[in-house]
$ cat structure.txt   # compact mmCIF, C-alpha atoms
# COMPACT_ATOMS: atom_id res chain seq x y z
CA MET A 1190 -50.53 70.24 -43.45
CA SER A 1191 -54.29 69.69 -43.30
CA THR A 1192 -55.56 66.66 -41.39
CA ALA A 1193 -59.01 66.72 -43.03
CA ASN A 1194 -60.00 63.39 -44.47
CA SER A 1195 -63.53 63.10 -45.82
CA PHE A 1196 -63.05 59.34 -46.38
CA LYS A 1197 -62.63 58.81 -42.65
CA GLN A 1198 -65.52 61.14 -41.97
CA ILE A 1199 -67.71 58.95 -44.22
CA MET A 1200 -66.57 55.90 -42.28
CA GLU A 1201 -67.59 57.54 -38.99
CA GLU A 1202 -70.94 58.61 -40.43
CA ASP A 1203 -71.56 55.08 -41.74
CA ALA A 1204 -70.83 53.63 -38.32
CA LEU A 1205 -73.58 55.83 -36.87
CA MET A 1206 -76.01 55.26 -39.76
CA TYR A 1207 -75.47 51.51 -39.95
CA PRO A 1208 -74.74 50.07 -36.52
CA THR A 1209 -73.67 46.44 -36.66
CA PRO A 1210 -76.81 44.26 -36.32
CA PRO A 1211 -76.69 42.27 -33.04
CA GLU A 1212 -77.57 39.04 -34.86
CA ILE A 1213 -74.10 39.05 -36.46
CA GLU A 1214 -72.47 38.90 -33.03
CA GLU A 1215 -74.92 36.20 -31.89
CA HIS A 1216 -74.20 34.12 -34.98
CA VAL A 1217 -70.42 34.55 -34.95
CA LEU A 1218 -69.87 34.08 -31.22
CA GLY A 1219 -72.44 31.24 -31.10
CA SER A 1220 -70.61 29.41 -33.88
CA LEU A 1221 -67.31 30.07 -32.10
CA GLN A 1222 -68.65 28.41 -28.92
CA ILE A 1223 -69.98 25.40 -30.83
CA LEU A 1224 -66.69 24.93 -32.69
CA SER A 1225 -64.70 25.32 -29.45
CA MET A 1226 -66.86 22.69 -27.75
CA MET A 1227 -66.43 20.35 -30.72
CA GLY A 1228 -62.68 20.86 -30.53
CA GLN A 1229 -62.62 20.05 -26.82
CA ALA A 1230 -64.78 16.97 -27.36
CA MET A 1231 -62.44 15.77 -30.09
CA GLU A 1232 -59.42 16.29 -27.85
CA LEU A 1233 -61.13 14.20 -25.20
CA TYR A 1234 -62.37 11.37 -27.37
CA ILE A 1235 -59.80 11.02 -30.15
CA PRO A 1236 -57.41 8.99 -27.92
CA LYS A 1237 -60.29 6.62 -27.17
CA VAL A 1238 -61.11 6.33 -30.87
CA PHE A 1239 -57.42 5.61 -31.50
CA GLU A 1240 -57.49 2.81 -28.93
CA MET A 1241 -60.60 1.35 -30.52
CA PHE A 1242 -58.92 1.52 -33.91
CA ILE A 1243 -55.93 -0.44 -32.61
CA LEU A 1244 -58.22 -3.04 -31.07
CA THR A 1245 -60.19 -3.34 -34.29
CA LEU A 1246 -56.96 -4.01 -36.18
CA GLY A 1247 -56.14 -6.78 -33.73
CA GLY A 1248 -53.81 -4.79 -31.54
CA THR A 1249 -52.59 -6.19 -28.25
CA VAL A 1250 -52.81 -4.94 -24.69
CA LYS A 1251 -49.08 -4.09 -24.82
CA GLU A 1252 -49.69 -1.76 -27.76
CA LEU A 1253 -52.52 -0.15 -25.83
CA ASP A 1254 -50.18 0.25 -22.86
CA THR A 1255 -47.74 2.07 -25.13
CA VAL A 1256 -50.47 4.41 -26.30
CA VAL A 1257 -51.55 5.11 -22.73
CA LYS A 1258 -47.97 5.66 -21.57
CA ASN A 1259 -47.34 8.16 -24.33
CA GLU A 1260 -50.32 10.16 -23.18
CA LEU A 1261 -49.26 10.28 -19.52
CA PRO A 1262 -47.84 13.55 -18.23
CA GLU A 1263 -44.07 13.66 -17.87
CA ALA A 1264 -44.16 13.66 -14.09
CA THR A 1265 -46.16 10.41 -13.91
CA PRO A 1266 -43.89 7.47 -13.04
CA ASP A 1267 -43.64 4.69 -15.56
CA PRO A 1268 -44.84 1.51 -13.84
CA ASP A 1269 -42.71 -0.76 -16.10
CA SER A 1270 -39.48 1.16 -15.69
CA ASP A 1271 -36.64 0.04 -13.44
CA ASN A 1272 -35.56 3.62 -12.96
CA THR A 1273 -38.38 4.51 -10.64
CA THR A 1274 -37.85 7.25 -8.13
CA PRO A 1275 -37.32 5.89 -4.61
CA GLY A 1276 -40.44 6.19 -2.59
CA MET A 1277 -42.68 6.08 -5.65
CA ALA A 1278 -44.82 3.12 -6.69
CA GLY A 1279 -43.04 0.73 -9.06
CA THR A 1280 -41.75 -2.79 -9.55
CA HIS A 1281 -38.40 -1.97 -7.96
CA SER A 1282 -39.12 -1.35 -4.31
CA PRO A 1283 -36.53 0.48 -2.17
CA ASP A 1284 -37.29 -2.15 0.51
CA GLU A 1285 -35.48 -4.69 -1.69
CA ASP A 1286 -32.30 -2.60 -1.51
CA LEU A 1287 -32.50 -2.63 2.27
CA LYS A 1288 -32.80 -6.45 2.30
CA ASP A 1289 -29.52 -6.75 0.37
CA MET B 753 -61.90 45.40 -14.11
CA GLU B 754 -60.89 42.52 -16.34
CA THR B 755 -62.93 43.71 -19.32
CA GLU B 756 -61.27 47.12 -19.27
CA TYR B 757 -57.87 45.48 -19.02
CA ILE B 758 -58.53 43.23 -22.00
CA SER B 759 -59.92 46.07 -24.10
CA THR B 760 -56.61 47.96 -23.87
CA GLU B 761 -54.60 44.96 -25.08
CA GLN B 762 -52.97 45.08 -28.50
CA ASP B 763 -54.56 42.98 -31.25
CA ILE B 764 -51.56 40.70 -31.36
CA ASP B 765 -51.72 40.05 -27.62
CA LEU B 766 -55.40 39.14 -27.89
CA ILE B 767 -54.64 36.77 -30.78
CA ARG B 768 -51.80 35.10 -28.87
CA SER B 769 -53.95 34.80 -25.76
CA TYR B 770 -56.82 33.32 -27.76
CA LEU B 771 -54.60 30.81 -29.55
CA ALA B 772 -52.96 29.78 -26.28
CA THR B 773 -56.11 29.48 -24.19
CA LYS B 774 -58.99 29.16 -26.70
CA ASP B 775 -60.84 31.47 -24.36
CA ALA B 776 -63.70 32.97 -26.41
CA ARG B 777 -63.47 36.27 -24.50
CA HIS B 778 -60.28 37.18 -26.37
CA PHE B 779 -61.89 36.62 -29.76
CA THR B 780 -64.98 38.50 -28.58
CA GLN B 781 -62.75 41.52 -27.90
CA LEU B 782 -61.32 41.31 -31.39
CA TYR B 783 -64.81 40.93 -32.84
CA ARG B 784 -66.07 44.02 -31.01
CA ARG B 785 -63.04 46.02 -32.07
CA TYR B 786 -63.52 45.29 -35.78
CA SER B 787 -67.20 44.45 -36.31
CA GLY B 788 -68.24 48.05 -37.00
CA LYS B 789 -65.44 48.63 -39.49
CA VAL B 790 -66.01 45.32 -41.29
CA TYR B 791 -69.79 45.78 -41.45
CA GLY B 792 -69.38 49.40 -42.59
CA LYS B 793 -67.08 48.30 -45.40
CA CYS B 794 -69.51 45.56 -46.43
CA ILE B 795 -72.38 48.09 -46.53
CA SER B 796 -70.26 50.55 -48.44
CA LEU B 797 -69.22 48.04 -51.11
CA LEU B 798 -72.26 45.77 -51.35
CA ARG B 799 -74.87 48.50 -50.81
CA GLU B 800 -77.52 46.07 -49.50
CA GLU B 801 -77.98 45.45 -45.80
CA HIS B 802 -78.84 41.76 -46.06
CA LEU B 803 -75.79 41.09 -48.24
CA ALA B 804 -73.61 43.08 -45.85
CA ARG B 805 -74.94 41.15 -42.83
CA ASP B 806 -74.27 37.74 -44.44
CA ALA B 807 -70.87 38.92 -45.64
CA ALA B 808 -69.84 40.20 -42.20
CA GLN B 809 -70.82 36.87 -40.61
CA ASP B 810 -68.83 34.89 -43.17
CA ILE B 811 -65.85 37.22 -42.90
CA PHE B 812 -65.65 36.82 -39.12
CA MET B 813 -65.96 33.05 -39.42
CA LYS B 814 -63.07 33.11 -41.90
CA ILE B 815 -61.05 35.25 -39.51
CA PHE B 816 -61.81 32.89 -36.63
CA LEU B 817 -61.01 29.73 -38.60
CA ASN B 818 -57.77 31.16 -40.02
CA LEU B 819 -56.53 32.99 -36.94
CA GLY B 820 -53.83 30.37 -36.43
CA GLN B 821 -52.43 31.15 -39.88
CA PHE B 822 -52.22 34.90 -39.27
CA GLY B 823 -48.63 35.85 -40.01
CA GLU B 824 -47.38 38.56 -37.73
CA GLN B 825 -45.53 40.25 -40.59
CA ALA B 826 -48.64 42.33 -41.31
CA LYS B 827 -50.85 44.31 -38.98
CA PHE B 828 -53.97 42.44 -37.89
CA SER B 829 -56.15 45.29 -39.17
CA THR B 830 -54.57 44.97 -42.63
CA TRP B 831 -55.23 41.22 -42.58
CA VAL B 832 -58.87 41.79 -41.56
CA TYR B 833 -59.38 44.42 -44.28
CA SER B 834 -57.75 42.13 -46.82
CA ILE B 835 -60.23 39.35 -46.05
CA THR B 836 -63.10 41.87 -46.06
CA TYR B 837 -62.25 43.46 -49.41
CA ASN B 838 -61.53 40.15 -51.11
CA TYR B 839 -64.79 38.67 -49.82
CA CYS B 840 -66.86 41.67 -50.96
CA ILE B 841 -65.13 41.78 -54.33
CA ASP B 842 -65.89 38.09 -54.77
CA VAL B 843 -69.57 38.65 -53.90
CA LEU B 844 -69.80 41.51 -56.41
CA ARG B 845 -68.06 39.45 -59.06
CA LYS B 846 -70.55 36.60 -58.61
CA LYS B 847 -73.53 38.93 -58.36
CA LYS B 848 -72.70 40.88 -61.48
CA LYS B 849 -71.28 37.81 -63.21
CA THR B 850 -68.31 39.90 -64.27
CA GLY B 851 -64.67 39.01 -64.26
CA ASP B 852 -62.04 40.83 -62.28
CA ILE B 853 -63.38 44.21 -61.13
CA PHE B 854 -59.72 45.28 -61.01
CA SER B 855 -59.24 44.13 -64.59
CA ASP B 856 -55.88 44.78 -66.18
CA ASP B 857 -57.56 46.00 -69.39
CA MET B 858 -57.16 49.60 -68.28
CA GLU B 859 -53.46 49.09 -67.85
CA ARG B 860 -53.09 48.59 -71.59
CA LEU B 861 -54.43 52.08 -72.24
CA PRO B 862 -51.87 54.87 -72.51
CA ASP B 863 -51.31 56.89 -69.36
CA MET B 864 -52.99 60.15 -70.25
CA VAL B 865 -54.78 61.05 -67.04
CA GLU B 866 -53.83 64.12 -65.09
CA GLU B 867 -52.59 63.74 -61.54
CA VAL B 868 -55.29 64.74 -59.01
CA HIS B 869 -53.82 65.87 -55.71
CA ASP B 870 -54.84 63.91 -52.59
CA GLU B 871 -55.99 67.16 -50.97
CA ALA B 872 -58.69 67.60 -53.60
CA LEU B 873 -60.34 64.32 -52.55
CA LEU B 874 -59.58 64.46 -48.85
CA THR B 875 -61.14 67.91 -48.43
CA MET B 876 -64.31 67.28 -50.47
CA ARG B 877 -67.48 67.70 -48.45
CA SER B 878 -68.30 64.24 -47.12
CA ASP B 879 -71.85 64.23 -48.52
CA ARG B 880 -70.49 65.07 -51.96
CA LEU B 881 -67.67 62.57 -51.74
CA ARG B 882 -70.26 59.95 -50.83
CA VAL B 883 -72.22 60.75 -54.02
CA VAL B 884 -69.03 60.68 -56.08
CA LEU B 885 -68.04 57.25 -54.69
CA GLU B 886 -71.48 55.89 -55.58
CA ASN B 887 -70.99 57.01 -59.16
CA ILE B 888 -67.60 55.55 -59.95
CA PRO B 889 -66.96 51.85 -60.71
CA VAL B 890 -66.86 49.73 -57.56
CA GLY B 891 -63.25 48.67 -58.22
CA ASP B 892 -62.18 52.33 -58.22
CA LYS B 893 -64.21 52.99 -55.10
CA ALA B 894 -62.64 50.02 -53.31
CA ILE B 895 -59.12 51.08 -54.18
CA LEU B 896 -59.74 54.66 -52.97
CA LEU B 897 -61.20 53.34 -49.70
CA MET B 898 -58.15 51.10 -49.19
CA LYS B 899 -55.79 54.01 -49.74
CA TYR B 900 -57.55 56.91 -48.02
CA GLN B 901 -59.91 55.31 -45.51
CA ASP B 902 -57.82 52.37 -44.32
CA ASP B 903 -54.40 53.97 -44.91
CA LEU B 904 -53.10 50.83 -46.60
CA GLN B 905 -49.68 51.06 -48.24
CA ILE B 906 -49.32 50.50 -52.00
CA LYS B 907 -47.48 47.25 -51.32
CA GLU B 908 -50.25 46.02 -49.01
CA ILE B 909 -52.91 46.77 -51.64
CA ALA B 910 -50.79 45.09 -54.31
CA ASP B 911 -50.38 41.96 -52.18
CA MET B 912 -54.09 41.95 -51.36
CA LEU B 913 -55.19 42.19 -54.99
CA HIS B 914 -52.32 40.12 -56.43
CA LYS B 915 -51.17 43.00 -58.63
CA THR B 916 -47.88 44.77 -59.06
CA GLU B 917 -47.17 47.97 -57.13
CA SER B 918 -46.91 49.96 -60.36
CA ALA B 919 -50.32 48.64 -61.47
CA ILE B 920 -51.83 49.74 -58.15
CA LYS B 921 -50.27 53.20 -58.41
CA MET B 922 -51.78 53.54 -61.86
CA LYS B 923 -55.19 52.32 -60.67
CA ILE B 924 -55.19 54.82 -57.83
CA LYS B 925 -54.22 57.61 -60.19
CA ARG B 926 -57.05 56.70 -62.58
CA ALA B 927 -59.57 56.24 -59.78
CA LYS B 928 -58.74 59.70 -58.42
CA HIS B 929 -59.09 61.16 -61.89
CA LYS B 930 -62.50 59.51 -62.38
CA ALA B 931 -63.65 60.72 -58.97
CA GLN B 932 -62.61 64.28 -59.80
CA MET B 933 -64.35 64.11 -63.19
CA ILE B 934 -67.59 62.89 -61.62
CA TYR B 935 -67.33 65.60 -58.98
CA ASP B 936 -66.90 68.30 -61.64
CA GLU B 937 -69.88 66.93 -63.56
CA LEU B 938 -72.18 66.68 -60.54
CA PHE B 939 -71.10 69.87 -58.79
CA PRO B 940 -70.02 72.24 -61.57
CA ASP B 941 -70.67 75.38 -59.52
CA ASP B 942 -68.11 74.45 -56.88
$ encode --input "structure.txt" --output "structure tokens"
Amino acid sequence: MSTANSFKQIMEEDALMYPTPPEIEEHVLGSLQILSMMGQAMELYIPKVFEMFILTLGGTVKELDTVVKNELPEATPDPDSDNTTPGMAGTHSPDEDLKD
Amino acid sequence: METEYISTEQDIDLIRSYLATKDARHFTQLYRRYSGKVYGKCISLLREEHLARDAAQDIFMKIFLNLGQFGEQAKFSTWVYSITYNYCIDVLRKKKKTGDIFSDDMERLPDMVEEVHDEALLTMRSDRLRVVLENIPVGDKAILLMKYQDDLQIKEIADMLHKTESAIKMKIKRAKHKAQMIYDELFPDD
């Protein structure tokens, strides 16, 4: 069976005759960088905007605490929890257990 | 070398890496892999360099913005070609102020065209095939490029153009027939 394919040959010839203009890459990859930076900036500032929104609506400090707590990484101890890990900062000090 | 390592990665790995890390280098690899093919297709269909340049930019922005929605059921190349063809078809439609360049009107005509064997088209001299493709309607040209240049399956073309598989088979048959007729007219001595 013949493997000749003039359609593919045309495609190869076109690639040589019409190389992709470099300004397309500049435009596309430049836009990509700008959009990525905007995305990162939004990730950074949206929580702050959310806090401001709560304050504007008359939110309380406790509500803000809740927002902040929800954003903390899992490994971060919860300062209001009684189930703190011994040795970690918290309201329930292991020294109190020793006193008993 | 990191660049060489990345350049051997499969498309899907590059997409997953980009979506996971948002590292522009992964998308840059995809861009460099497909920019020539996309631009070539735009030139081939739109026939004007400035239109092709604008189209290629818009197509890659569409690809970038919709990368998260890429379903892995299809090959990435098929998805890229689908966006490219649909974009170019849309540009031509607006430019010529015509309706669907793959209009169903032809489907109402009786099926009287003779079957032209693939070999007849595939083995045409490339310079002659180029002339033939310039002289058939752009919808026919596009459908022949999808089938014989991009190796798209009938189902993939049907999904891309929102037509039935039988309609696509008929369109390909008619496009081949038109191409052969034009060839016989232009090169009668062959």
$ closest_residue --input "structure.txt" --among "B:Lys847, B:Lys921, B:His929, B:Arg882" --to "chain A" --atoms "all atoms listed in the file"
B:Arg882
$ closest_atom_pairs --input "structure.txt" --of "chain B" --to "chain A" --cutoff "7 Å" --atoms "only C-alpha atoms" --output "tab-separated table"
residue	atom	partner	partner_atom	distance
B:Ser787	CA	A:Thr1209	CA	6.8
B:Gly788	CA	A:Thr1209	CA	5.7
B:Tyr791	CA	A:Thr1209	CA	6.2
B:Gly792	CA	A:Asp1203	CA	6.1
B:Arg805	CA	A:Ile1213	CA	6.8
B:Gln809	CA	A:Ile1213	CA	5.7
B:Phe812	CA	A:Val1217	CA	6.7
B:Met813	CA	A:Val1217	CA	6.5
B:Leu874	CA	A:Asn1194	CA	4.5
B:Thr875	CA	A:Ala1193	CA	5.9
B:Met876	CA	A:Ser1195	CA	6.3
B:Arg877	CA	A:Ser1195	CA	6.6
B:Ser878	CA	A:Ser1195	CA	5.1
B:Tyr900	CA	A:Phe1196	CA	6.2
B:Gln901	CA	A:Phe1196	CA	5.2
$ write_last_selection --input "structure.txt" --atoms "C-alpha atoms" --output "PDB file, in the coordinates of the input"
ATOM      1  CA  SER B 787     -67.200  44.450 -36.310  1.00  0.00           C
ATOM      2  CA  GLY B 788     -68.240  48.050 -37.000  1.00  0.00           C
ATOM      3  CA  TYR B 791     -69.790  45.780 -41.450  1.00  0.00           C
ATOM      4  CA  GLY B 792     -69.380  49.400 -42.590  1.00  0.00           C
ATOM      5  CA  ARG B 805     -74.940  41.150 -42.830  1.00  0.00           C
ATOM      6  CA  GLN B 809     -70.820  36.870 -40.610  1.00  0.00           C
ATOM      7  CA  PHE B 812     -65.650  36.820 -39.120  1.00  0.00           C
ATOM      8  CA  MET B 813     -65.960  33.050 -39.420  1.00  0.00           C
ATOM      9  CA  LEU B 874     -59.580  64.460 -48.850  1.00  0.00           C
ATOM     10  CA  THR B 875     -61.140  67.910 -48.430  1.00  0.00           C
ATOM     11  CA  MET B 876     -64.310  67.280 -50.470  1.00  0.00           C
ATOM     12  CA  ARG B 877     -67.480  67.700 -48.450  1.00  0.00           C
ATOM     13  CA  SER B 878     -68.300  64.240 -47.120  1.00  0.00           C
ATOM     14  CA  TYR B 900     -57.550  56.910 -48.020  1.00  0.00           C
ATOM     15  CA  GLN B 901     -59.910  55.310 -45.510  1.00  0.00           C
TER      16      GLN B 901
END
$ atom_distance --input "structure.txt" --atom1 "CA of Gln825 (chain B)" --atom2 "CA of Ile811 (chain B)"
20.7 Å
$ atom_distance --input "structure.txt" --atom1 "CA of Ala927 (chain B)" --atom2 "CA of Asp892 (chain B)"
5.0 Å
$ atom_distance --input "structure.txt" --atom1 "CA of Gln781 (chain B)" --atom2 "CA of Leu844 (chain B)"
29.4 Å
$ residues_near_point --input "structure.txt" --point "(-62.7, 47.9, -44.2)" --cutoff "10 Å" --atoms "all atoms listed in the file" --output "JSON, numbers by chain"
{"A": [1200], "B": [786, 787, 788, 789, 790, 791, 792, 793, 794, 795, 796, 797, 829, 830, 832, 833, 834, 835, 836, 837, 894, 897, 898, 901, 902]}
$ write_last_selection --input "structure.txt" --atoms "C-alpha atoms" --output "compact mmCIF listing (two decimals), keeping the file's coordinate frame"
# COMPACT_ATOMS: atom_id res chain seq x y z
CA MET A 1200 -66.57 55.90 -42.28
CA TYR B 786 -63.52 45.29 -35.78
CA SER B 787 -67.20 44.45 -36.31
CA GLY B 788 -68.24 48.05 -37.00
CA LYS B 789 -65.44 48.63 -39.49
CA VAL B 790 -66.01 45.32 -41.29
CA TYR B 791 -69.79 45.78 -41.45
CA GLY B 792 -69.38 49.40 -42.59
CA LYS B 793 -67.08 48.30 -45.40
CA CYS B 794 -69.51 45.56 -46.43
CA ILE B 795 -72.38 48.09 -46.53
CA SER B 796 -70.26 50.55 -48.44
CA LEU B 797 -69.22 48.04 -51.11
CA SER B 829 -56.15 45.29 -39.17
CA THR B 830 -54.57 44.97 -42.63
CA VAL B 832 -58.87 41.79 -41.56
CA TYR B 833 -59.38 44.42 -44.28
CA SER B 834 -57.75 42.13 -46.82
CA ILE B 835 -60.23 39.35 -46.05
CA THR B 836 -63.10 41.87 -46.06
CA TYR B 837 -62.25 43.46 -49.41
CA ALA B 894 -62.64 50.02 -53.31
CA LEU B 897 -61.20 53.34 -49.70
CA MET B 898 -58.15 51.10 -49.19
CA GLN B 901 -59.91 55.31 -45.51
CA ASP B 902 -57.82 52.37 -44.32
$ residues_around --input "structure.txt" --residues "Gln821 (chain B)" --least-positions-apart "6" --cutoff "12 Å" --atoms "only C-alpha atoms" --output "count of residues only"
7
$ closest_residue --input "structure.txt" --among "B:Asp775, B:Asp765, B:Glu937, B:Asp842" --to "Leu798 (chain B)" --atoms "all atoms listed in the file"
B:Asp842
$ residues_around --input "structure.txt" --residues "Leu938 (chain B)" --least-positions-apart "6" --cutoff "9 Å" --atoms "all atoms listed in the file" --output "list in words"
Arg880, Val883 and Val884 of chain B
